[in-house]
Structures are given as structure tokens and as C-alpha cells.
Amino acid sequence: MPETATVTGMPQPVLDIVALRSLTAIADCGGFHRAARALALSQSAVSQHVRRLEKTLGRPIVEREGRGTRFTPEGRLLLEQARRILAVHDEAVRTLLDVDGDTVTIGSTEHAADQFLPRLTAAVQEVRPGCRVRFRIDRSARLVEAVERGSVDVAVYVTEAAATEGTPVGGLPLTWHATPGWQPPAAPAPVPLVAIEDPCAIRRRAISTLAAHGVPAAVVGDAGYLAGVLDIARTGQGVALLAAVGSAPDGLTPYDGLPAVTPIPMSALARLGADPATVEAAFAAVRDLLRWPEGEGSERGRSAGTAPCGGVVRPVLEERSLGENR
């Protein structure tokens, strides 16, 4: 039976915090195996956590699709709520119990979080052996706000997506990804895009890059989080512009039939009063990951059929969602 609590005389289901943490790790890391590795758990333990949540809710939240998995609509809704629950829970623990000790909270945008966070953790623990590292994954503007409030020690984010520029740490390489063998519809049909819902700097970069090369495009599916974008892309309904560091997400592969996209600038920001050695080590770790040889990518990813068009081109850009408009 699912855990319950009595509220005003009526039993209510209880969502397990540990299970919710595993759920968000699956979304952030791109699968069960990577989530288990990030949480230092077995893959079977992460699977049990998902089953526990499904039993509590009485409906599936993750389903298998080919060699990968995808969140169901209920799962995507739970994921959104799980992030809020965990943020409030962790803040309450820090404030009320004062059990942090030597703890560093690191924030990261979803893009390439599975690459940023392990490197940031190693860098911080090298200069502060034995310290605990907490993670917060959020949109860039919210990360900056959290740093300015002091609830996040160091954050890495997309520069143009936040009002505070921070310290430039390099450019995040971007590459088109789709299912193996995917091909766009024949011209003049627009290229179907999948992206995080607005406001999203990488979504804007995808649309503007195609427009600059005279390639018409249409957003056919969007989601509030990267996990939802990956789920839609895995159905083969469109191509997604994703961070090109680390391995490709399960079920997707780089697609080189569209114009190359220049790396998007990234910034790092530290809270006022943060330990200088920790900040320096964290910033250096991000810079090391984002090393991108000058000039590389200018022609990478462009096929003969998608060369820049001469003259002034005004492509048709339209958006149509898979469900209700947001």
C-alpha cells in the first residue's frame, strides 16, 4: 500500500522525498543508469523509487520507448512538482536543522548538467576535502536569483538568459540531435523543431540560425524541461538543438544536415562572501570543459543541401504545439 498521511480526517498519499530525488536525477542525467551513477545508487534502487511513486499515484510516470525511456504526461507534471518540493524541503532542512556543516550548493542550467555537475563537484572537493555538495538545476534567471539570495554558492548558466552577466567561462557547443536515420520533410515544408518552451535562449538560437540560412522552421513540440524535449525528439517528430558535450542522449544521435550553430556563451556567478579558492576552482572546472578551439564549428554540421542562401531571405517561421498552446 502507498504511504499515506491523515489530513483533516482523510488519508492522503505521501510522495517520498528520496524517490522524488531519483526522479529528477533521471530527467537531469538522461536515464536510469546515469541517474544511479550520479546518486551513487544501484540502477535497481532508482527503478524501485520510480515504482514507489507510480504506486503512490496509481498511474505510470515513466515508460520504455525502444532502447530508452520517456516520461508520461503525468510523469512530466510530477517532475515539475518534484523540483519545487525538493527545493522547499532542502531549504527547510538547511534553515531549521542547521546540519549543513561544510556544504557547497552548486547550480546549473539543464543543458549539459550531467557534464558540469561531476566536474564542479570534483573541483570543489579538491580544495575542500570532505565537504558535502548539493545540486540545484533550474533556469538561468532563477539560478542567478538564487545566487543573489545566497541559497546557491556557485552557478553556471546561459549568459543571455539572465539579467546578470557574471563571469564569462566559455561557449557551450550546440549540435542538432534527432533519432537515428531521421530526415526532415522535403522542401518547402519547414524543418520541425523540438525545444524548451519560451523563454529559452537555445530555442531562440535554433530558430535564428535556421532563419539566417534561409531554412524555414516550425516548432512542433515544446516542454518545460529538457527531459520533455528529449521525450518528444525520441518519437521522431522533430530535431532538437542540444549541448554537444559528453555522449548523445539515449535514443538520439547528432544530425549534420542542418547549418552549424555557434557555441552559446556561458557565465558563472558566485554568491557574495563565497570562499575564493572554491570559486576559483569551480570557475576553472567549467572553463576546462568548455574549451572550444577558435573557428571550430563554423562549417561543422552543414551539408551541401543547406548552404547559406544569397540575398535577403524571409523564411516562414511558425509554431504549432503537439497539445494545447502554452
# chains A, B, ... in the order shown; residues from 1 in each chain; ligands from 1

$ residues_around --residues "segment 233-246 of chain A" --least-positions-apart "2" --cutoff "6 Å" --atoms "only C-alpha atoms" --output "PyMOL selection string"
chain A and resi 111-112+173-179+192-194+230-231

$ write_last_selection --atoms "C-alpha atoms" --output "CSV table (one decimal), in the first residue's frame"
chain,number,residue,atom,x,y,z
A,111,HIS,CA,21.9,22.0,-20.7
A,112,ALA,CA,25.0,19.7,-20.1
A,173,PRO,CA,28.8,23.9,-28.2
A,174,LEU,CA,25.5,23.1,-29.7
A,175,THR,CA,24.6,20.3,-32.2
A,176,TRP,CA,21.3,19.2,-33.8
A,177,HIS,CA,20.1,15.8,-32.5
A,178,ALA,CA,17.4,13.5,-33.8
A,179,THR,CA,16.5,9.8,-33.9
A,192,PRO,CA,10.2,20.5,-37.4
A,193,LEU,CA,11.8,21.7,-34.2
A,194,VAL,CA,11.5,20.5,-30.6
A,230,LEU,CA,14.2,14.6,-25.3
A,231,ASP,CA,11.0,12.5,-25.0

$ select_by_dssp --residues "segment 110-186 of chain A" --states "strand (DSSP E or B)" --output "number ranges by chain"
A: 132-137, 154-158, 167-178

$ write_last_selection --atoms "C-alpha atoms" --output "PDB file, in the first residue's frame"
ATOM      1  CA  ARG A 132      29.153  17.996   1.025  1.00  0.00           C
ATOM      2  CA  VAL A 133      27.952  19.159  -2.373  1.00  0.00           C
ATOM      3  CA  ARG A 134      24.316  19.918  -3.124  1.00  0.00           C
ATOM      4  CA  PHE A 135      22.864  20.494  -6.565  1.00  0.00           C
ATOM      5  CA  ARG A 136      20.200  22.779  -7.942  1.00  0.00           C
ATOM      6  CA  ILE A 137      19.169  22.565 -11.576  1.00  0.00           C
ATOM      7  CA  VAL A 154      28.133  28.883  -7.412  1.00  0.00           C
ATOM      8  CA  ALA A 155      26.032  28.655 -10.563  1.00  0.00           C
ATOM      9  CA  VAL A 156      26.776  28.145 -14.257  1.00  0.00           C
ATOM     10  CA  TYR A 157      24.179  29.361 -16.729  1.00  0.00           C
ATOM     11  CA  VAL A 158      23.437  30.655 -20.219  1.00  0.00           C
ATOM     12  CA  THR A 167      31.977  35.842 -15.256  1.00  0.00           C
ATOM     13  CA  PRO A 168      32.343  34.524 -18.836  1.00  0.00           C
ATOM     14  CA  VAL A 169      33.533  30.915 -18.755  1.00  0.00           C
ATOM     15  CA  GLY A 170      33.331  29.872 -22.393  1.00  0.00           C
ATOM     16  CA  GLY A 171      30.880  28.810 -25.048  1.00  0.00           C
ATOM     17  CA  LEU A 172      28.635  25.764 -24.830  1.00  0.00           C
ATOM     18  CA  PRO A 173      28.848  23.883 -28.160  1.00  0.00           C
ATOM     19  CA  LEU A 174      25.471  23.070 -29.683  1.00  0.00           C
ATOM     20  CA  THR A 175      24.556  20.342 -32.166  1.00  0.00           C
ATOM     21  CA  TRP A 176      21.318  19.215 -33.787  1.00  0.00           C
ATOM     22  CA  HIS A 177      20.068  15.847 -32.480  1.00  0.00           C
ATOM     23  CA  ALA A 178      17.382  13.511 -33.793  1.00  0.00           C
TER      24      ALA A 178
END

$ atom_distance --atom1 "atom CA of Val50 of chain A" --atom2 "atom CA of Ala19 of chain A"
6.5 Å

$ closest_residue --among "A:Arg37, A:His213, A:Arg203, A:Arg21" --to "Leu78 of chain A" --atoms "only C-alpha atoms"
A:Arg21

$ select_by_dssp --residues "segment 1-228 of chain A" --states "alpha helix (DSSP H)" --output "JSON, numbers by chain"
{"A": [17, 18, 19, 20, 21, 22, 23, 24, 25, 26, 27, 28, 29, 32, 33, 34, 35, 36, 37, 38, 39, 43, 44, 45, 46, 47, 48, 49, 50, 51, 52, 53, 54, 55, 56, 57, 73, 74, 75, 76, 77, 78, 79, 80, 81, 82, 83, 84, 85, 86, 87, 88, 89, 90, 91, 92, 113, 114, 115, 116, 117, 118, 119, 120, 121, 122, 123, 124, 125, 126, 127, 140, 141, 142, 143, 144, 145, 146, 147, 148, 149, 201, 202, 203, 204, 205, 206, 207, 208, 209, 210, 211, 212, 226, 227, 228]}

$ residues_around --residues "Ala38 of chain A" --least-positions-apart "4" --cutoff "9 Å" --atoms "only C-alpha atoms" --output "PDB file with C-alpha atoms, in the first residue's frame"
ATOM      1  CA  ALA A  25      18.056  12.759 -11.457  1.00  0.00           C
ATOM      2  CA  CYS A  29      21.085  12.912 -16.242  1.00  0.00           C
ATOM      3  CA  HIS A  33      21.852   4.321 -15.484  1.00  0.00           C
ATOM      4  CA  ARG A  34      23.279   7.839 -15.408  1.00  0.00           C
ATOM      5  CA  ASP A 114      25.438  15.801 -16.456  1.00  0.00           C
ATOM      6  CA  PRO A 118      30.518  15.974 -11.738  1.00  0.00           C
TER       7      PRO A 118
END

$ atom_distance --atom1 "atom CA of Ala260 of chain A" --atom2 "atom CA of Thr209 of chain A"
8.0 Å

$ closest_residue --among "A:Gln125, A:Ser42, A:Thr24, A:Thr56" --to "Leu79 of chain A" --atoms "only C-alpha atoms"
A:Thr24

$ closest_residue --among "A:Asp90, A:Asp102, A:Glu110, A:Glu80" --to "Gly30 of chain A" --atoms "only C-alpha atoms"
A:Glu110

$ residues_around --residues "Glu74 of chain A" --least-positions-apart "2" --cutoff "12 Å" --atoms "only C-alpha atoms" --output "PDB file with N, CA and C atoms, in the first residue's frame"
ATOM      1  N   LEU A  53       6.772   5.679  -6.594  1.00  0.00           N
ATOM      2  CA  LEU A  53       5.990   6.864  -6.950  1.00  0.00           C
ATOM      3  C   LEU A  53       4.780   6.483  -7.792  1.00  0.00           C
ATOM      4  N   GLU A  54       4.974   5.559  -8.722  1.00  0.00           N
ATOM      5  CA  GLU A  54       3.856   5.116  -9.559  1.00  0.00           C
ATOM      6  C   GLU A  54       2.775   4.447  -8.712  1.00  0.00           C
ATOM      7  N   LEU A  57       0.849   7.219  -6.883  1.00  0.00           N
ATOM      8  CA  LEU A  57      -0.050   7.987  -7.756  1.00  0.00           C
ATOM      9  C   LEU A  57      -1.089   7.118  -8.448  1.00  0.00           C
ATOM     10  N   GLY A  58      -0.808   5.813  -8.540  1.00  0.00           N
ATOM     11  CA  GLY A  58      -1.738   4.918  -9.208  1.00  0.00           C
ATOM     12  C   GLY A  58      -1.733   5.034 -10.709  1.00  0.00           C
ATOM     13  N   ARG A  59      -0.610   5.460 -11.273  1.00  0.00           N
ATOM     14  CA  ARG A  59      -0.504   5.603 -12.730  1.00  0.00           C
ATOM     15  C   ARG A  59       0.970   5.595 -13.124  1.00  0.00           C
ATOM     16  N   PRO A  60       1.287   5.217 -14.351  1.00  0.00           N
ATOM     17  CA  PRO A  60       2.689   5.196 -14.790  1.00  0.00           C
ATOM     18  C   PRO A  60       3.231   6.601 -14.966  1.00  0.00           C
ATOM     19  N   ILE A  61       4.510   6.786 -14.637  1.00  0.00           N
ATOM     20  CA  ILE A  61       5.137   8.085 -14.822  1.00  0.00           C
ATOM     21  C   ILE A  61       6.315   8.000 -15.793  1.00  0.00           C
ATOM     22  N   VAL A  62       6.846   6.799 -16.002  1.00  0.00           N
ATOM     23  CA  VAL A  62       7.925   6.580 -16.951  1.00  0.00           C
ATOM     24  C   VAL A  62       7.586   5.340 -17.765  1.00  0.00           C
ATOM     25  N   GLU A  63       7.800   5.390 -19.052  1.00  0.00           N
ATOM     26  CA  GLU A  63       7.527   4.227 -19.882  1.00  0.00           C
ATOM     27  C   GLU A  63       8.677   3.997 -20.852  1.00  0.00           C
ATOM     28  N   ARG A  70      10.851   7.337 -21.593  1.00  0.00           N
ATOM     29  CA  ARG A  70      10.292   8.677 -21.698  1.00  0.00           C
ATOM     30  C   ARG A  70       9.310   8.885 -20.555  1.00  0.00           C
ATOM     31  N   PHE A  71       9.119  10.137 -20.162  1.00  0.00           N
ATOM     32  CA  PHE A  71       8.139  10.464 -19.139  1.00  0.00           C
ATOM     33  C   PHE A  71       6.745  10.521 -19.763  1.00  0.00           C
ATOM     34  N   THR A  72       5.782   9.989 -19.069  1.00  0.00           N
ATOM     35  CA  THR A  72       4.394  10.129 -19.477  1.00  0.00           C
ATOM     36  C   THR A  72       3.955  11.563 -19.169  1.00  0.00           C
ATOM     37  N   ARG A  76       5.756  14.009 -16.435  1.00  0.00           N
ATOM     38  CA  ARG A  76       6.291  15.362 -16.633  1.00  0.00           C
ATOM     39  C   ARG A  76       5.688  16.332 -15.625  1.00  0.00           C
ATOM     40  N   LEU A  77       4.415  16.165 -15.340  1.00  0.00           N
ATOM     41  CA  LEU A  77       3.777  17.019 -14.336  1.00  0.00           C
ATOM     42  C   LEU A  77       4.374  16.765 -12.960  1.00  0.00           C
ATOM     43  N   LEU A  78       4.585  15.489 -12.619  1.00  0.00           N
ATOM     44  CA  LEU A  78       5.188  15.158 -11.329  1.00  0.00           C
ATOM     45  C   LEU A  78       6.601  15.715 -11.241  1.00  0.00           C
ATOM     46  N   LEU A  79       7.348  15.645 -12.341  1.00  0.00           N
ATOM     47  CA  LEU A  79       8.722  16.156 -12.344  1.00  0.00           C
ATOM     48  C   LEU A  79       8.747  17.639 -12.002  1.00  0.00           C
ATOM     49  N   GLU A  80       7.837  18.389 -12.583  1.00  0.00           N
ATOM     50  CA  GLU A  80       7.775  19.826 -12.299  1.00  0.00           C
ATOM     51  C   GLU A  80       7.499  20.078 -10.824  1.00  0.00           C
ATOM     52  N   GLN A  81       6.547  19.319 -10.261  1.00  0.00           N
ATOM     53  CA  GLN A  81       6.223  19.485  -8.849  1.00  0.00           C
ATOM     54  C   GLN A  81       7.345  18.976  -7.953  1.00  0.00           C
ATOM     55  N   ALA A  82       8.030  17.916  -8.394  1.00  0.00           N
ATOM     56  CA  ALA A  82       9.121  17.346  -7.591  1.00  0.00           C
ATOM     57  C   ALA A  82      10.227  18.375  -7.382  1.00  0.00           C
ATOM     58  N   GLY A 228      11.449  16.614 -21.194  1.00  0.00           N
ATOM     59  CA  GLY A 228      10.307  16.562 -22.100  1.00  0.00           C
ATOM     60  C   GLY A 228      10.721  16.759 -23.549  1.00  0.00           C
TER      61      GLY A 228
END
